[in-house]
Amino acid sequence: MRAYVDGDYMASQLLYATAFHEMRVRVGFFPDSVIAKPREEERSVWEKDAKDRFVYIMNGEIVAYSHICGDEISSVSVRADLQGLGIGRKFVMYLCNEIYRRGNADVTLWCVVGNDARNLYDSLGFKERRTMEFVRKDF
């Protein structure tokens, strides 16, 4: 695991966009989900807060990506074919330690209802505070 650098953008963005698209489709709440394309505007934002982004390297390849914001783990993405191997567990533990190292007493994260990652978060001691429902109106 290491800090994100700008040269990681293409691989990290593809991993992140693919993982979140697959999760949205799997839980069934986002029928019109698409894999987001890389954008220079996004790359610039990622570069500006690179200190809050991390990658997990295995065999010289980025296999997981994450972003933290204050005391919150705002995203964790592990390549689908490598899920279930403990990468997510090690990565989330690393991120929690980084958040604590930065002086925060708590760690927060959001999990979409039906996301299989919930089992991982529960096993690491995360407790549900509230459930939110997203609704939308089709035109």
# chains A, B, ... in the order shown; residues from 1 in each chain; ligands from 1
>>> select_by_dssp(residues="segment 37-94 of chain A", states="helix (DSSP H, G or I)", output="list in words")
Glu40, Glu41, Glu42, Arg43, Ser44, Val45, Trp46, Glu47, Lys48, Ala50, Lys51, Asp52, Ala80, Asp81, Leu82, Ile87, Gly88, Arg89, Lys90, Phe91, Val92, Met93 and Tyr94 of chain A
>>> residues_around(residues="segment 103-117 of chain A", least_positions_apart="3", cutoff="8 Å", atoms="only C-alpha atoms", output="ChimeraX atom specification")
/A:23,26-27,70-74,96,99-100,120-121
>>> write_last_selection(atoms="C-alpha atoms", output="mmCIF file, in the first residue's frame")
data_model
loop_
_atom_site.group_PDB
_atom_site.id
_atom_site.type_symbol
_atom_site.label_atom_id
_atom_site.label_comp_id
_atom_site.auth_asym_id
_atom_site.auth_seq_id
_atom_site.Cartn_x
_atom_site.Cartn_y
_atom_site.Cartn_z
ATOM 1 C CA MET A 23 -21.620 -2.887 -7.166
ATOM 2 C CA ARG A 26 -25.334 -6.020 -8.297
ATOM 3 C CA VAL A 27 -27.465 -4.293 -5.640
ATOM 4 C CA GLY A 70 -11.136 13.631 7.234
ATOM 5 C CA ASP A 71 -12.416 10.769 9.389
ATOM 6 C CA GLU A 72 -14.283 9.119 6.512
ATOM 7 C CA ILE A 73 -13.287 6.333 4.173
ATOM 8 C CA SER A 74 -15.105 7.685 1.159
ATOM 9 C CA CYS A 96 -8.308 3.230 9.552
ATOM 10 C CA ILE A 99 -7.162 8.192 9.779
ATOM 11 C CA TYR A 100 -6.197 7.613 13.434
ATOM 12 C CA LEU A 120 -16.154 -7.024 5.694
ATOM 13 C CA TYR A 121 -17.044 -3.773 7.455
#
>>> residues_around(residues="Gln13 of chain A", least_positions_apart="2", cutoff="9 Å", atoms="only C-alpha atoms", output="list in words")
Asp8, Tyr9, Met10, Ala11, Leu15, Tyr16, Ala17, Thr18, Ala36, Lys37, Pro38, Arg43 and Tyr65 of chain A
>>> atom_distance(atom1="atom CA of Asp81 of chain A", atom2="atom CA of Val25 of chain A")
16.4 Å
>>> atom_distance(atom1="atom CA of Glu128 of chain A", atom2="atom CA of Ser75 of chain A")
16.8 Å
>>> closest_residue(among="A:Phe29, A:Phe126, A:Trp46, A:Tyr56", to="Arg79 of chain A", atoms="only C-alpha atoms")
A:Tyr56
>>> atom_distance(atom1="atom CA of Glu40 of chain A", atom2="atom CA of Asp52 of chain A")
18.5 Å
>>> decode(residues="segment 86-117 of chain A", atoms="N, CA and C atoms", output="tab-separated table (two decimals), in the first residue's frame")
chain	number	residue	atom	x	y	z
A	86	GLY	N	-8.57	-11.14	1.03
A	86	GLY	CA	-8.06	-10.39	2.17
A	86	GLY	C	-7.49	-9.02	1.84
A	87	ILE	N	-7.49	-8.66	0.57
A	87	ILE	CA	-6.96	-7.36	0.16
A	87	ILE	C	-7.79	-6.23	0.77
A	88	GLY	N	-9.10	-6.31	0.66
A	88	GLY	CA	-9.97	-5.29	1.20
A	88	GLY	C	-9.80	-5.14	2.70
A	89	ARG	N	-9.68	-6.26	3.41
A	89	ARG	CA	-9.49	-6.24	4.86
A	89	ARG	C	-8.20	-5.51	5.23
A	90	LYS	N	-7.11	-5.88	4.59
A	90	LYS	CA	-5.82	-5.23	4.87
A	90	LYS	C	-5.87	-3.75	4.52
A	91	PHE	N	-6.50	-3.44	3.40
A	91	PHE	CA	-6.57	-2.06	2.94
A	91	PHE	C	-7.40	-1.20	3.90
A	92	VAL	N	-8.57	-1.69	4.31
A	92	VAL	CA	-9.42	-0.92	5.22
A	92	VAL	C	-8.71	-0.73	6.56
A	93	MET	N	-8.03	-1.75	7.04
A	93	MET	CA	-7.28	-1.60	8.30
A	93	MET	C	-6.18	-0.55	8.15
A	94	TYR	N	-5.49	-0.55	7.03
A	94	TYR	CA	-4.47	0.46	6.75
A	94	TYR	C	-5.09	1.85	6.75
A	95	LEU	N	-6.23	2.00	6.09
A	95	LEU	CA	-6.90	3.29	6.01
A	95	LEU	C	-7.37	3.77	7.38
A	96	CYS	N	-7.90	2.87	8.19
A	96	CYS	CA	-8.31	3.23	9.55
A	96	CYS	C	-7.10	3.74	10.33
A	97	ASN	N	-6.00	3.03	10.24
A	97	ASN	CA	-4.79	3.46	10.95
A	97	ASN	C	-4.31	4.82	10.45
A	98	GLU	N	-4.42	5.08	9.16
A	98	GLU	CA	-4.03	6.37	8.62
A	98	GLU	C	-4.94	7.48	9.16
A	99	ILE	N	-6.22	7.21	9.24
A	99	ILE	CA	-7.16	8.19	9.78
A	99	ILE	C	-6.86	8.47	11.25
A	100	TYR	N	-6.57	7.43	12.03
A	100	TYR	CA	-6.20	7.61	13.43
A	100	TYR	C	-4.88	8.37	13.54
A	101	ARG	N	-3.92	8.03	12.69
A	101	ARG	CA	-2.61	8.69	12.71
A	101	ARG	C	-2.75	10.19	12.48
A	102	ARG	N	-3.76	10.56	11.71
A	102	ARG	CA	-4.00	11.97	11.42
A	102	ARG	C	-4.74	12.69	12.55
A	103	GLY	N	-5.00	11.99	13.63
A	103	GLY	CA	-5.59	12.62	14.81
A	103	GLY	C	-7.09	12.46	14.98
A	104	ASN	N	-7.73	11.68	14.15
A	104	ASN	CA	-9.17	11.45	14.29
A	104	ASN	C	-9.42	10.31	15.27
A	105	ALA	N	-10.47	10.44	16.06
A	105	ALA	CA	-10.80	9.42	17.06
A	105	ALA	C	-11.74	8.34	16.52
A	106	ASP	N	-12.43	8.64	15.43
A	106	ASP	CA	-13.40	7.71	14.86
A	106	ASP	C	-13.15	7.57	13.36
A	107	VAL	N	-13.68	6.50	12.81
A	107	VAL	CA	-13.65	6.28	11.36
A	107	VAL	C	-15.08	6.05	10.90
A	108	THR	N	-15.47	6.73	9.84
A	108	THR	CA	-16.81	6.62	9.28
A	108	THR	C	-16.70	6.12	7.85
A	109	LEU	N	-17.68	5.35	7.42
A	109	LEU	CA	-17.79	5.00	6.00
A	109	LEU	C	-19.24	4.78	5.68
A	110	TRP	N	-19.54	4.88	4.40
A	110	TRP	CA	-20.89	4.65	3.89
A	110	TRP	C	-20.87	3.34	3.11
A	111	CYS	N	-21.95	2.61	3.20
A	111	CYS	CA	-22.06	1.35	2.45
A	111	CYS	C	-23.46	1.27	1.88
A	112	VAL	N	-23.56	1.04	0.59
A	112	VAL	CA	-24.85	0.91	-0.07
A	112	VAL	C	-25.52	-0.38	0.41
A	113	VAL	N	-26.81	-0.28	0.76
A	113	VAL	CA	-27.56	-1.44	1.19
A	113	VAL	C	-27.46	-2.53	0.12
A	114	GLY	N	-27.12	-3.73	0.53
A	114	GLY	CA	-26.98	-4.85	-0.40
A	114	GLY	C	-25.56	-5.07	-0.89
A	115	ASN	N	-24.65	-4.16	-0.57
A	115	ASN	CA	-23.25	-4.31	-0.98
A	115	ASN	C	-22.61	-5.40	-0.15
A	116	ASP	N	-22.01	-6.38	-0.81
A	116	ASP	CA	-21.36	-7.49	-0.12
A	116	ASP	C	-20.23	-7.04	0.80
A	117	ALA	N	-19.67	-5.86	0.55
A	117	ALA	CA	-18.59	-5.35	1.40
A	117	ALA	C	-19.07	-5.12	2.83
